[in-house]
Amino acid sequence: MQLGKGAPLLVAALIVVLIWPAPPAFSAEQGVRIAASKTGSYDLESQVFTAEGDVEVHVDGLMLLGSVLRADLAEGLVTLEGDVRLIQDGQEIRGAFLVYNLNTGEGSFEEVRAELAVPDGTVYASGRLILFDQEQYSIAQAAFTTCDLEQSHYRLVTKEMEFIPGDKAIIRHVVYYEGQIPLFYWPYLVVPLGRDLEDLLVSLPVVGYGDYEGYFIKSAFNYFFTENSYGNLYVDLYTRLGLGAGVKHHYKLQELGQGHLYLWGVPTAAEKHYKAAWEHSLTKDSWTFATKNSVEKTWLKDEISSDTALHVSAGDLKGKLWLTYKKNPQATTKEETSAGMQWSKPLGDRLTLNVEGSYAQKRTTEEVRLMNYLLAAVYNQGKHRLTLTMEQQFNPDLLDTGTKDWRSLQRRPELKWEIGDLGLNSLPLQGQLVLGHYEETPSMVIQSRGYGQVALRARTWRPRAGTSLTYQGDLNGAVYSDGSSQAWLYGRVSLNQNLGKHLSFSSTYRRRDVWGSTPFKFDAQGKLEDLSLRLSYSRGNARGYASTVYDFVNKRFSTLTLNAYLKPSERWTLDLYASYDLNTRSWTRLVPMAEYKHDQFSLKLGLRYRPPSRELERVDLRFSLPVGSAWKVSYDSIYAPAAQQFTKGQITISRDLHCRQLGFSYDHVAGRFAVQLTINAFPTLPIGWDSQGGLSLFDLEDVADIIDVKE
């Protein structure tokens with residue numbers, strides 16, 4: 001497990017302490033105010049001002065504080081000593097001795113200390129000497145930590161650091177100390193400023209174990225040539241595979257766009273493992289090109305993917321070309337390809353020409369290939385729209401469900417007239433008329449068809465408070481060149497009713513009546529009549545619902561889904577999902593879950609039980625147990641009793657080390673071990689891995705798919 005997105009302590013401190021604007025140089029137009037609480041004297045001949053006791057120097061937003069001041073106004077040189085403070089932009093640095101040139105903005109600050117507020121906490125910084133001018137800072141023997149103890153548990157120390165405002169910070173010879181013990185060393189770090197730091201930073205090395213790669217240690221180092229050329233170097237050592245190495249290089253080619261290249265591999269392994277990626281984007285006045293490509297063949301994944309698109313916008317012409325490809329032999333969808341184009345061009349104020357074409361290929365247990373094209377002219381006039389279409393349309397369900405009621409439909413051509421408002425003030429009606437010649441495969445039906453529809457948009461009626469009725473519907477008819485015809489009437493009515501302060505009821509009635517028949521499959525309509533019912537209760541720490549649907553056509557109920565939630569105390573939470581078959585009057589599944597929390601101890605237990613077979617299908621357990629004042633043991637698992645095996649199981653032992661945490665994690669399903677030191681003040685990735693089948697009952701807001709309870 002590599003920490004690719006953790007922001008190191010050193011960088012977080014740099015972003016705050018070093019992005020201060022350089023202290024301003026004094027000019028004739030600005031004033032310098034000096035005040036002292038005890039003594040002060042001024043030598044007119046030498047133009048030297050001296051003062052003692054709570055000395056303050058104010059110059060253009062910068063304030064200097066100290067105990068003893070000597071200001072040579074002729075040379076513009078100010079020296080302060082005795083608990084010296086430099087305050088600018090709400091931040092403060094303390095030190096022992098400061099020299100500052102008002103004319104040049106140059107200065108030095110000795111034995112400095114600072115408490116710096118950063119988004120994730122406070123950074124405590126110190127340094128032997130800071131040299132600064134209007135162009136850059138340099139810091140000698142700097143140390144940073146988020147530990148608030150006088151003798152910090154850990155710190156990052158650098159011998160030399162140079163800062164160029166608005167450009168970059170260069171840090172040399174960085175050592176991570178755990179107490180007085182040096183653990184990690186980076187010879188050279190560069191932090192480009194004003195850029196996304198996610199791909200620029202270095203992380204603490206990560207030590208772990210995998211059943212395939214053995215024990216490993218992963219490290220990353222960054223490099224920086226210019227703001228247009230920088231990246232990361234990766235060095236990994238595996239006891240069973242050997243040495244892994246990689247590079248991720250970011251580039252900007254001015255007129256040719258920007259992107260990054262990524263290469264990584266383990267050349268010493270008997271079986272080669274590698275990753276590669278290329279991303280590039282280029283934007284011009286009238287078009288944008290973007291491509292993302294990757295290939296990975298490791299012990300964890302075997303996958304190739306590519307996604308490339310070109311967007312064009314030249315005047316009123318808008319278009320898009322795209323090509324995507326993905327191959328994963330281990331997945332259900334082993335290979336899929338998609339390519340296509342879209343163009344839209346206005347031919348006047350009211351007329352628009354649209355052209356589309358696409359190709360899709362998907363391979364699972366069988367291979368499906370689809371090709372669509374469309375040529376359409378659209379004319380808009382007020383509430384009227386006319387569309388003339390030539391199209392080949394494949395059934396999109398072929399890519400998802402594999403349904404084969406119909407495969408493709410050709411419109412050769414189709415003329416559609418849509419009316420947005422039929423002009424009845426009391427009813428928001430809209431309509432359409434469609435005439436076309438169609439060919440459907442694989443039925444090979446070739447017919448002309450006339451179709452008409454009058455539709456009522458959704459409307460809501462509220463007869464009284466707490467009651468609402470929403471209704472909509474449409475009347476449809478179609479005639480065909482072989483003399484057949486089809487008509488259908490569809491309506492939908494929804495009722496929402498409050499039955500008191502805590503109880504509510506909702507239901508939806510749908511009905512579609514069909515007369516006649518169609519020679520085609522694509523517009524075949526079936527009789528529909530069902531009623532959905534839902535009763536909901538909510539009061540304080542208790543809530544629940546029950547819902548089902550009755551199908552009048554098949555005279556059957558869908559599964560009755562029930563949920564009850566109860567929080568009887570601050571420590572306990574109870575949750576129950578259940579499904580009941582109203583047709584056979586039997587329980588089909590029960591999923592109880594319980595959670596207990598007290599101080600640092602927490603326990604979650606979830607069961608999935610099938611009453612018909614009296615089978616306990618799975619057990620989910622997650623707990624966190626404090627051991628003493630600093631140690632904590634946690635466990636997260638999913639167990640399948642029928643197979644007598646775990647599909648998820650991770651044990652973590654962690655110790656709180658005041659401002660950091662030491663964690664040991666073992667996944668006994670995946671056979672992986674990791675140890676990691678986490679600095680709590682800054683974001684890191686979590687310890688551990690998700691094993692296959694690792695979705696927990698506790699992790700999802702909607703657990704219907706996991707517990708097999710459908711509403």
# chains A, B, ... in the order shown; residues from 1 in each chain; ligands from 1
$ residues_around --residues "A:Asn372" --least-positions-apart "2" --cutoff "9 Å" --atoms "only C-alpha atoms" --output "number ranges by chain"
A: 340, 356-360, 370, 374, 391-394, 408
$ residues_around --residues "stretch 375-388 of chain A" --least-positions-apart "4" --cutoff "10 Å" --atoms "only C-alpha atoms" --output "PyMOL selection string"
chain A and resi 343-357+392+411-422+430-436
$ write_last_selection --atoms "C-alpha atoms" --output "mmCIF file, in the first residue's frame"
data_model
loop_
_atom_site.group_PDB
_atom_site.id
_atom_site.type_symbol
_atom_site.label_atom_id
_atom_site.label_comp_id
_atom_site.auth_asym_id
_atom_site.auth_seq_id
_atom_site.Cartn_x
_atom_site.Cartn_y
_atom_site.Cartn_z
ATOM 1 C CA TRP A 343 -22.111 17.275 -34.966
ATOM 2 C CA SER A 344 -24.640 20.072 -34.695
ATOM 3 C CA LYS A 345 -24.864 22.984 -37.133
ATOM 4 C CA PRO A 346 -27.570 25.706 -37.235
ATOM 5 C CA LEU A 347 -28.664 26.459 -40.807
ATOM 6 C CA GLY A 348 -30.543 29.587 -39.834
ATOM 7 C CA ASP A 349 -32.457 31.001 -36.893
ATOM 8 C CA ARG A 350 -34.859 28.038 -36.709
ATOM 9 C CA LEU A 351 -33.255 25.139 -38.580
ATOM 10 C CA THR A 352 -30.518 22.879 -37.098
ATOM 11 C CA LEU A 353 -28.762 19.901 -38.667
ATOM 12 C CA ASN A 354 -27.637 17.079 -36.335
ATOM 13 C CA VAL A 355 -25.371 14.202 -37.391
ATOM 14 C CA GLU A 356 -24.438 11.302 -35.104
ATOM 15 C CA GLY A 357 -22.734 7.980 -35.520
ATOM 16 C CA GLN A 392 -30.360 3.219 -37.552
ATOM 17 C CA ARG A 411 -36.077 4.930 -39.722
ATOM 18 C CA ARG A 412 -36.099 5.580 -43.476
ATOM 19 C CA PRO A 413 -37.221 8.344 -42.943
ATOM 20 C CA GLU A 414 -39.287 9.592 -39.999
ATOM 21 C CA LEU A 415 -41.078 12.955 -39.740
ATOM 22 C CA LYS A 416 -42.124 14.095 -36.263
ATOM 23 C CA TRP A 417 -44.283 17.135 -35.412
ATOM 24 C CA GLU A 418 -44.263 18.097 -31.711
ATOM 25 C CA ILE A 419 -46.571 20.682 -30.161
ATOM 26 C CA GLY A 420 -45.475 21.938 -26.745
ATOM 27 C CA ASP A 421 -48.880 23.343 -25.781
ATOM 28 C CA LEU A 422 -52.275 22.533 -27.302
ATOM 29 C CA GLN A 430 -48.952 18.558 -25.437
ATOM 30 C CA GLY A 431 -48.979 16.381 -28.511
ATOM 31 C CA GLN A 432 -47.022 14.842 -31.352
ATOM 32 C CA LEU A 433 -47.627 13.243 -34.738
ATOM 33 C CA VAL A 434 -45.093 10.894 -36.328
ATOM 34 C CA LEU A 435 -45.016 9.438 -39.853
ATOM 35 C CA GLY A 436 -42.264 7.061 -40.938
#
$ atom_distance --atom1 "atom CA of A:Arg660" --atom2 "atom CA of A:Gln141"
23.1 Å
$ select_by_dssp --residues "stretch 570-640 of chain A" --states "strand (DSSP E or B)" --output "PDB file with N, CA and C atoms, in the first residue's frame"
ATOM      1  N   TRP A 572     -26.943   2.383  22.320  1.00  0.00           N
ATOM      2  CA  TRP A 572     -27.456   1.307  21.488  1.00  0.00           C
ATOM      3  C   TRP A 572     -28.190   1.841  20.264  1.00  0.00           C
ATOM      4  N   THR A 573     -27.995   1.165  19.123  1.00  0.00           N
ATOM      5  CA  THR A 573     -28.769   1.412  17.907  1.00  0.00           C
ATOM      6  C   THR A 573     -29.149   0.064  17.317  1.00  0.00           C
ATOM      7  N   LEU A 574     -30.442  -0.099  17.007  1.00  0.00           N
ATOM      8  CA  LEU A 574     -30.950  -1.343  16.453  1.00  0.00           C
ATOM      9  C   LEU A 574     -31.578  -1.058  15.091  1.00  0.00           C
ATOM     10  N   ASP A 575     -31.310  -1.934  14.129  1.00  0.00           N
ATOM     11  CA  ASP A 575     -31.822  -1.759  12.778  1.00  0.00           C
ATOM     12  C   ASP A 575     -32.237  -3.132  12.258  1.00  0.00           C
ATOM     13  N   LEU A 576     -33.441  -3.200  11.644  1.00  0.00           N
ATOM     14  CA  LEU A 576     -33.935  -4.468  11.137  1.00  0.00           C
ATOM     15  C   LEU A 576     -34.497  -4.272   9.736  1.00  0.00           C
ATOM     16  N   TYR A 577     -33.960  -5.055   8.777  1.00  0.00           N
ATOM     17  CA  TYR A 577     -34.534  -5.146   7.440  1.00  0.00           C
ATOM     18  C   TYR A 577     -35.155  -6.532   7.308  1.00  0.00           C
ATOM     19  N   ALA A 578     -36.318  -6.579   6.647  1.00  0.00           N
ATOM     20  CA  ALA A 578     -36.980  -7.861   6.461  1.00  0.00           C
ATOM     21  C   ALA A 578     -37.748  -7.857   5.151  1.00  0.00           C
ATOM     22  N   SER A 579     -37.901  -9.046   4.574  1.00  0.00           N
ATOM     23  CA  SER A 579     -38.719  -9.198   3.368  1.00  0.00           C
ATOM     24  C   SER A 579     -39.713 -10.325   3.604  1.00  0.00           C
ATOM     25  N   TYR A 580     -40.946 -10.067   3.154  1.00  0.00           N
ATOM     26  CA  TYR A 580     -42.042 -11.017   3.387  1.00  0.00           C
ATOM     27  C   TYR A 580     -42.777 -11.234   2.077  1.00  0.00           C
ATOM     28  N   ASP A 581     -42.997 -12.501   1.721  1.00  0.00           N
ATOM     29  CA  ASP A 581     -43.716 -12.850   0.503  1.00  0.00           C
ATOM     30  C   ASP A 581     -45.205 -12.932   0.831  1.00  0.00           C
ATOM     31  N   SER A 586     -44.950 -15.975   3.701  1.00  0.00           N
ATOM     32  CA  SER A 586     -43.767 -16.504   4.386  1.00  0.00           C
ATOM     33  C   SER A 586     -42.668 -15.445   4.375  1.00  0.00           C
ATOM     34  N   TRP A 587     -41.848 -15.466   5.431  1.00  0.00           N
ATOM     35  CA  TRP A 587     -40.684 -14.589   5.492  1.00  0.00           C
ATOM     36  C   TRP A 587     -39.603 -15.132   4.559  1.00  0.00           C
ATOM     37  N   THR A 588     -38.983 -14.238   3.794  1.00  0.00           N
ATOM     38  CA  THR A 588     -37.937 -14.676   2.858  1.00  0.00           C
ATOM     39  C   THR A 588     -36.542 -14.290   3.321  1.00  0.00           C
ATOM     40  N   ARG A 589     -36.419 -13.219   4.068  1.00  0.00           N
ATOM     41  CA  ARG A 589     -35.089 -12.820   4.535  1.00  0.00           C
ATOM     42  C   ARG A 589     -35.217 -11.866   5.726  1.00  0.00           C
ATOM     43  N   LEU A 590     -34.333 -12.048   6.702  1.00  0.00           N
ATOM     44  CA  LEU A 590     -34.250 -11.175   7.870  1.00  0.00           C
ATOM     45  C   LEU A 590     -32.818 -10.693   8.009  1.00  0.00           C
ATOM     46  N   VAL A 591     -32.658  -9.373   8.206  1.00  0.00           N
ATOM     47  CA  VAL A 591     -31.324  -8.799   8.373  1.00  0.00           C
ATOM     48  C   VAL A 591     -31.341  -7.881   9.589  1.00  0.00           C
ATOM     49  N   PRO A 592     -31.056  -8.417  10.775  1.00  0.00           N
ATOM     50  CA  PRO A 592     -30.949  -7.562  11.961  1.00  0.00           C
ATOM     51  C   PRO A 592     -29.532  -7.022  12.111  1.00  0.00           C
ATOM     52  N   MET A 593     -29.421  -5.796  12.608  1.00  0.00           N
ATOM     53  CA  MET A 593     -28.120  -5.183  12.870  1.00  0.00           C
ATOM     54  C   MET A 593     -28.195  -4.443  14.195  1.00  0.00           C
ATOM     55  N   ALA A 594     -27.121  -4.510  14.943  1.00  0.00           N
ATOM     56  CA  ALA A 594     -27.051  -3.836  16.236  1.00  0.00           C
ATOM     57  C   ALA A 594     -25.700  -3.143  16.361  1.00  0.00           C
ATOM     58  N   GLU A 595     -25.713  -1.985  17.023  1.00  0.00           N
ATOM     59  CA  GLU A 595     -24.485  -1.232  17.255  1.00  0.00           C
ATOM     60  C   GLU A 595     -24.466  -0.741  18.696  1.00  0.00           C
ATOM     61  N   TYR A 596     -23.298  -0.873  19.322  1.00  0.00           N
ATOM     62  CA  TYR A 596     -23.111  -0.407  20.697  1.00  0.00           C
ATOM     63  C   TYR A 596     -21.860   0.452  20.750  1.00  0.00           C
ATOM     64  N   LYS A 597     -21.969   1.624  21.361  1.00  0.00           N
ATOM     65  CA  LYS A 597     -20.832   2.531  21.516  1.00  0.00           C
ATOM     66  C   LYS A 597     -20.780   3.036  22.952  1.00  0.00           C
ATOM     67  N   HIS A 598     -19.586   2.980  23.508  1.00  0.00           N
ATOM     68  CA  HIS A 598     -19.363   3.524  24.848  1.00  0.00           C
ATOM     69  C   HIS A 598     -17.907   3.938  24.959  1.00  0.00           C
ATOM     70  N   PHE A 601     -14.977   2.231  23.038  1.00  0.00           N
ATOM     71  CA  PHE A 601     -15.365   0.885  22.605  1.00  0.00           C
ATOM     72  C   PHE A 601     -16.569   0.962  21.671  1.00  0.00           C
ATOM     73  N   SER A 602     -16.515   0.225  20.555  1.00  0.00           N
ATOM     74  CA  SER A 602     -17.650   0.164  19.644  1.00  0.00           C
ATOM     75  C   SER A 602     -17.773  -1.255  19.104  1.00  0.00           C
ATOM     76  N   LEU A 603     -19.014  -1.668  18.862  1.00  0.00           N
ATOM     77  CA  LEU A 603     -19.284  -3.010  18.364  1.00  0.00           C
ATOM     78  C   LEU A 603     -20.463  -2.944  17.405  1.00  0.00           C
ATOM     79  N   LYS A 604     -20.294  -3.550  16.207  1.00  0.00           N
ATOM     80  CA  LYS A 604     -21.376  -3.664  15.239  1.00  0.00           C
ATOM     81  C   LYS A 604     -21.511  -5.130  14.850  1.00  0.00           C
ATOM     82  N   LEU A 605     -22.755  -5.602  14.836  1.00  0.00           N
ATOM     83  CA  LEU A 605     -23.021  -6.979  14.462  1.00  0.00           C
ATOM     84  C   LEU A 605     -24.209  -7.002  13.513  1.00  0.00           C
ATOM     85  N   GLY A 606     -24.047  -7.657  12.368  1.00  0.00           N
ATOM     86  CA  GLY A 606     -25.130  -7.780  11.401  1.00  0.00           C
ATOM     87  C   GLY A 606     -25.252  -9.216  10.921  1.00  0.00           C
ATOM     88  N   LEU A 607     -26.496  -9.697  10.766  1.00  0.00           N
ATOM     89  CA  LEU A 607     -26.759 -11.058  10.318  1.00  0.00           C
ATOM     90  C   LEU A 607     -27.693 -11.015   9.112  1.00  0.00           C
ATOM     91  N   ARG A 608     -27.512 -11.963   8.203  1.00  0.00           N
ATOM     92  CA  ARG A 608     -28.455 -12.138   7.100  1.00  0.00           C
ATOM     93  C   ARG A 608     -28.942 -13.582   7.150  1.00  0.00           C
ATOM     94  N   TYR A 609     -30.272 -13.720   7.391  1.00  0.00           N
ATOM     95  CA  TYR A 609     -30.855 -15.039   7.661  1.00  0.00           C
ATOM     96  C   TYR A 609     -31.984 -15.305   6.673  1.00  0.00           C
ATOM     97  N   ARG A 610     -32.030 -16.539   6.129  1.00  0.00           N
ATOM     98  CA  ARG A 610     -33.082 -16.939   5.197  1.00  0.00           C
ATOM     99  C   ARG A 610     -33.999 -17.943   5.914  1.00  0.00           C
ATOM    100  N   GLU A 615     -31.367 -20.911   7.045  1.00  0.00           N
ATOM    101  CA  GLU A 615     -29.937 -20.784   6.753  1.00  0.00           C
ATOM    102  C   GLU A 615     -29.429 -19.401   7.157  1.00  0.00           C
ATOM    103  N   LEU A 616     -28.352 -19.395   7.926  1.00  0.00           N
ATOM    104  CA  LEU A 616     -27.650 -18.153   8.234  1.00  0.00           C
ATOM    105  C   LEU A 616     -26.647 -17.908   7.112  1.00  0.00           C
ATOM    106  N   GLU A 617     -26.910 -16.898   6.256  1.00  0.00           N
ATOM    107  CA  GLU A 617     -26.125 -16.708   5.037  1.00  0.00           C
ATOM    108  C   GLU A 617     -24.821 -15.968   5.282  1.00  0.00           C
ATOM    109  N   ARG A 618     -24.820 -14.971   6.156  1.00  0.00           N
ATOM    110  CA  ARG A 618     -23.577 -14.236   6.408  1.00  0.00           C
ATOM    111  C   ARG A 618     -23.644 -13.547   7.761  1.00  0.00           C
ATOM    112  N   VAL A 619     -22.457 -13.301   8.299  1.00  0.00           N
ATOM    113  CA  VAL A 619     -22.309 -12.603   9.577  1.00  0.00           C
ATOM    114  C   VAL A 619     -21.287 -11.495   9.385  1.00  0.00           C
ATOM    115  N   ASP A 620     -21.686 -10.269   9.678  1.00  0.00           N
ATOM    116  CA  ASP A 620     -20.782  -9.121   9.613  1.00  0.00           C
ATOM    117  C   ASP A 620     -20.459  -8.677  11.035  1.00  0.00           C
ATOM    118  N   LEU A 621     -19.171  -8.519  11.310  1.00  0.00           N
ATOM    119  CA  LEU A 621     -18.740  -8.108  12.641  1.00  0.00           C
ATOM    120  C   LEU A 621     -17.678  -7.047  12.508  1.00  0.00           C
ATOM    121  N   ARG A 622     -17.831  -5.990  13.294  1.00  0.00           N
ATOM    122  CA  ARG A 622     -16.832  -4.928  13.326  1.00  0.00           C
ATOM    123  C   ARG A 622     -16.768  -4.404  14.759  1.00  0.00           C
ATOM    124  N   PHE A 623     -15.580  -4.390  15.331  1.00  0.00           N
ATOM    125  CA  PHE A 623     -15.461  -3.841  16.681  1.00  0.00           C
ATOM    126  C   PHE A 623     -14.149  -3.094  16.829  1.00  0.00           C
ATOM    127  N   SER A 624     -14.123  -2.204  17.800  1.00  0.00           N
ATOM    128  CA  SER A 624     -12.929  -1.441  18.156  1.00  0.00           C
ATOM    129  C   SER A 624     -12.837  -1.429  19.673  1.00  0.00           C
ATOM    130  N   LEU A 625     -11.701  -1.929  20.186  1.00  0.00           N
ATOM    131  CA  LEU A 625     -11.553  -2.135  21.627  1.00  0.00           C
ATOM    132  C   LEU A 625     -10.292  -1.450  22.126  1.00  0.00           C
ATOM    133  N   PRO A 626     -10.412  -0.487  23.061  1.00  0.00           N
ATOM    134  CA  PRO A 626      -9.209   0.120  23.639  1.00  0.00           C
ATOM    135  C   PRO A 626      -8.536  -0.846  24.606  1.00  0.00           C
ATOM    136  N   VAL A 627      -7.209  -0.864  24.563  1.00  0.00           N
ATOM    137  CA  VAL A 627      -6.420  -1.689  25.471  1.00  0.00           C
ATOM    138  C   VAL A 627      -5.475  -0.750  26.201  1.00  0.00           C
ATOM    139  N   TRP A 631      -3.305   1.856  23.440  1.00  0.00           N
ATOM    140  CA  TRP A 631      -3.469   0.841  22.403  1.00  0.00           C
ATOM    141  C   TRP A 631      -4.936   0.648  22.048  1.00  0.00           C
ATOM    142  N   LYS A 632      -5.184   0.237  20.801  1.00  0.00           N
ATOM    143  CA  LYS A 632      -6.541  -0.062  20.351  1.00  0.00           C
ATOM    144  C   LYS A 632      -6.484  -1.221  19.367  1.00  0.00           C
ATOM    145  N   VAL A 633      -7.415  -2.159  19.534  1.00  0.00           N
ATOM    146  CA  VAL A 633      -7.537  -3.309  18.649  1.00  0.00           C
ATOM    147  C   VAL A 633      -8.870  -3.215  17.918  1.00  0.00           C
ATOM    148  N   SER A 634      -8.848  -3.388  16.596  1.00  0.00           N
ATOM    149  CA  SER A 634     -10.085  -3.357  15.824  1.00  0.00           C
ATOM    150  C   SER A 634     -10.106  -4.527  14.857  1.00  0.00           C
ATOM    151  N   TYR A 635     -11.328  -4.933  14.491  1.00  0.00           N
ATOM    152  CA  TYR A 635     -11.505  -6.075  13.590  1.00  0.00           C
ATOM    153  C   TYR A 635     -12.722  -5.817  12.713  1.00  0.00           C
ATOM    154  N   ASP A 636     -12.579  -6.108  11.418  1.00  0.00           N
ATOM    155  CA  ASP A 636     -13.658  -5.907  10.454  1.00  0.00           C
ATOM    156  C   ASP A 636     -13.749  -7.162   9.598  1.00  0.00           C
ATOM    157  N   SER A 637     -14.917  -7.847   9.615  1.00  0.00           N
ATOM    158  CA  SER A 637     -14.988  -9.145   8.948  1.00  0.00           C
ATOM    159  C   SER A 637     -16.372  -9.399   8.363  1.00  0.00           C
ATOM    160  N   ILE A 638     -16.391 -10.287   7.371  1.00  0.00           N
ATOM    161  CA  ILE A 638     -17.619 -10.852   6.812  1.00  0.00           C
ATOM    162  C   ILE A 638     -17.389 -12.358   6.707  1.00  0.00           C
ATOM    163  N   TYR A 639     -18.323 -13.125   7.269  1.00  0.00           N
ATOM    164  CA  TYR A 639     -18.175 -14.583   7.303  1.00  0.00           C
ATOM    165  C   TYR A 639     -19.395 -15.233   6.659  1.00  0.00           C
ATOM    166  N   ALA A 640     -19.137 -16.214   5.784  1.00  0.00           N
ATOM    167  CA  ALA A 640     -20.199 -16.973   5.137  1.00  0.00           C
ATOM    168  C   ALA A 640     -20.261 -18.355   5.779  1.00  0.00           C
TER     169      ALA A 640
END
$ select_by_dssp --residues "stretch 262-471 of chain A" --states "helix (DSSP H, G or I)" --output "PyMOL selection string"
chain A and resi 397-400
$ residues_around --residues "stretch 257-259 of chain A" --least-positions-apart "4" --cutoff "6 Å" --atoms "only C-alpha atoms" --output "ChimeraX atom specification"
/A:250-253,279-282
$ closest_residue --among "A:Gln645, A:Gln361, A:Asn293, A:Thr389" --to "A:His668" --atoms "only C-alpha atoms"
A:Gln645
$ decode --residues "stretch 172-189 of chain A" --atoms "N, CA and C atoms" --output "short mmCIF file (atom, residue, chain, number, x, y, z; two decimals), in the first residue's frame"
data_model
loop_
_atom_site.label_atom_id
_atom_site.label_comp_id
_atom_site.auth_asym_id
_atom_site.auth_seq_id
_atom_site.Cartn_x
_atom_site.Cartn_y
_atom_site.Cartn_z
N ARG A 172 16.97 20.56 1.01
CA ARG A 172 18.07 19.61 0.86
C ARG A 172 18.35 18.90 2.18
N HIS A 173 18.67 17.62 2.09
CA HIS A 173 19.08 16.81 3.24
C HIS A 173 18.00 16.81 4.32
N VAL A 174 16.86 16.17 4.01
CA VAL A 174 15.74 16.09 4.94
C VAL A 174 15.80 14.75 5.68
N VAL A 175 15.70 14.81 7.01
CA VAL A 175 15.75 13.61 7.84
C VAL A 175 14.51 13.58 8.74
N TYR A 176 13.87 12.42 8.79
CA TYR A 176 12.76 12.21 9.71
C TYR A 176 13.31 11.61 11.00
N TYR A 177 13.07 12.28 12.14
CA TYR A 177 13.51 11.81 13.45
C TYR A 177 12.32 11.32 14.25
N GLU A 178 12.42 10.10 14.78
CA GLU A 178 11.47 9.59 15.75
C GLU A 178 12.17 9.67 17.10
N GLY A 179 11.82 10.73 17.88
CA GLY A 179 12.59 11.04 19.07
C GLY A 179 13.97 11.53 18.65
N GLN A 180 15.00 10.83 19.07
CA GLN A 180 16.36 11.17 18.67
C GLN A 180 16.91 10.22 17.61
N ILE A 181 16.04 9.33 17.10
CA ILE A 181 16.51 8.31 16.16
C ILE A 181 16.14 8.73 14.73
N PRO A 182 17.12 8.89 13.84
CA PRO A 182 16.80 9.19 12.44
C PRO A 182 16.32 7.92 11.73
N LEU A 183 15.15 8.00 11.09
CA LEU A 183 14.58 6.82 10.44
C LEU A 183 14.62 6.91 8.91
N PHE A 184 14.29 8.08 8.33
CA PHE A 184 14.20 8.21 6.89
C PHE A 184 14.99 9.44 6.43
N TYR A 185 15.45 9.35 5.18
CA TYR A 185 16.28 10.43 4.64
C TYR A 185 15.90 10.70 3.19
N TRP A 186 15.72 11.98 2.86
CA TRP A 186 15.52 12.42 1.48
C TRP A 186 16.63 13.41 1.12
N PRO A 187 17.42 13.14 0.11
CA PRO A 187 18.53 14.04 -0.21
C PRO A 187 18.08 15.36 -0.81
N TYR A 188 16.90 15.37 -1.46
CA TYR A 188 16.55 16.57 -2.22
C TYR A 188 15.04 16.56 -2.45
N LEU A 189 14.36 17.60 -2.04
CA LEU A 189 12.93 17.76 -2.29
C LEU A 189 12.69 19.13 -2.90
#
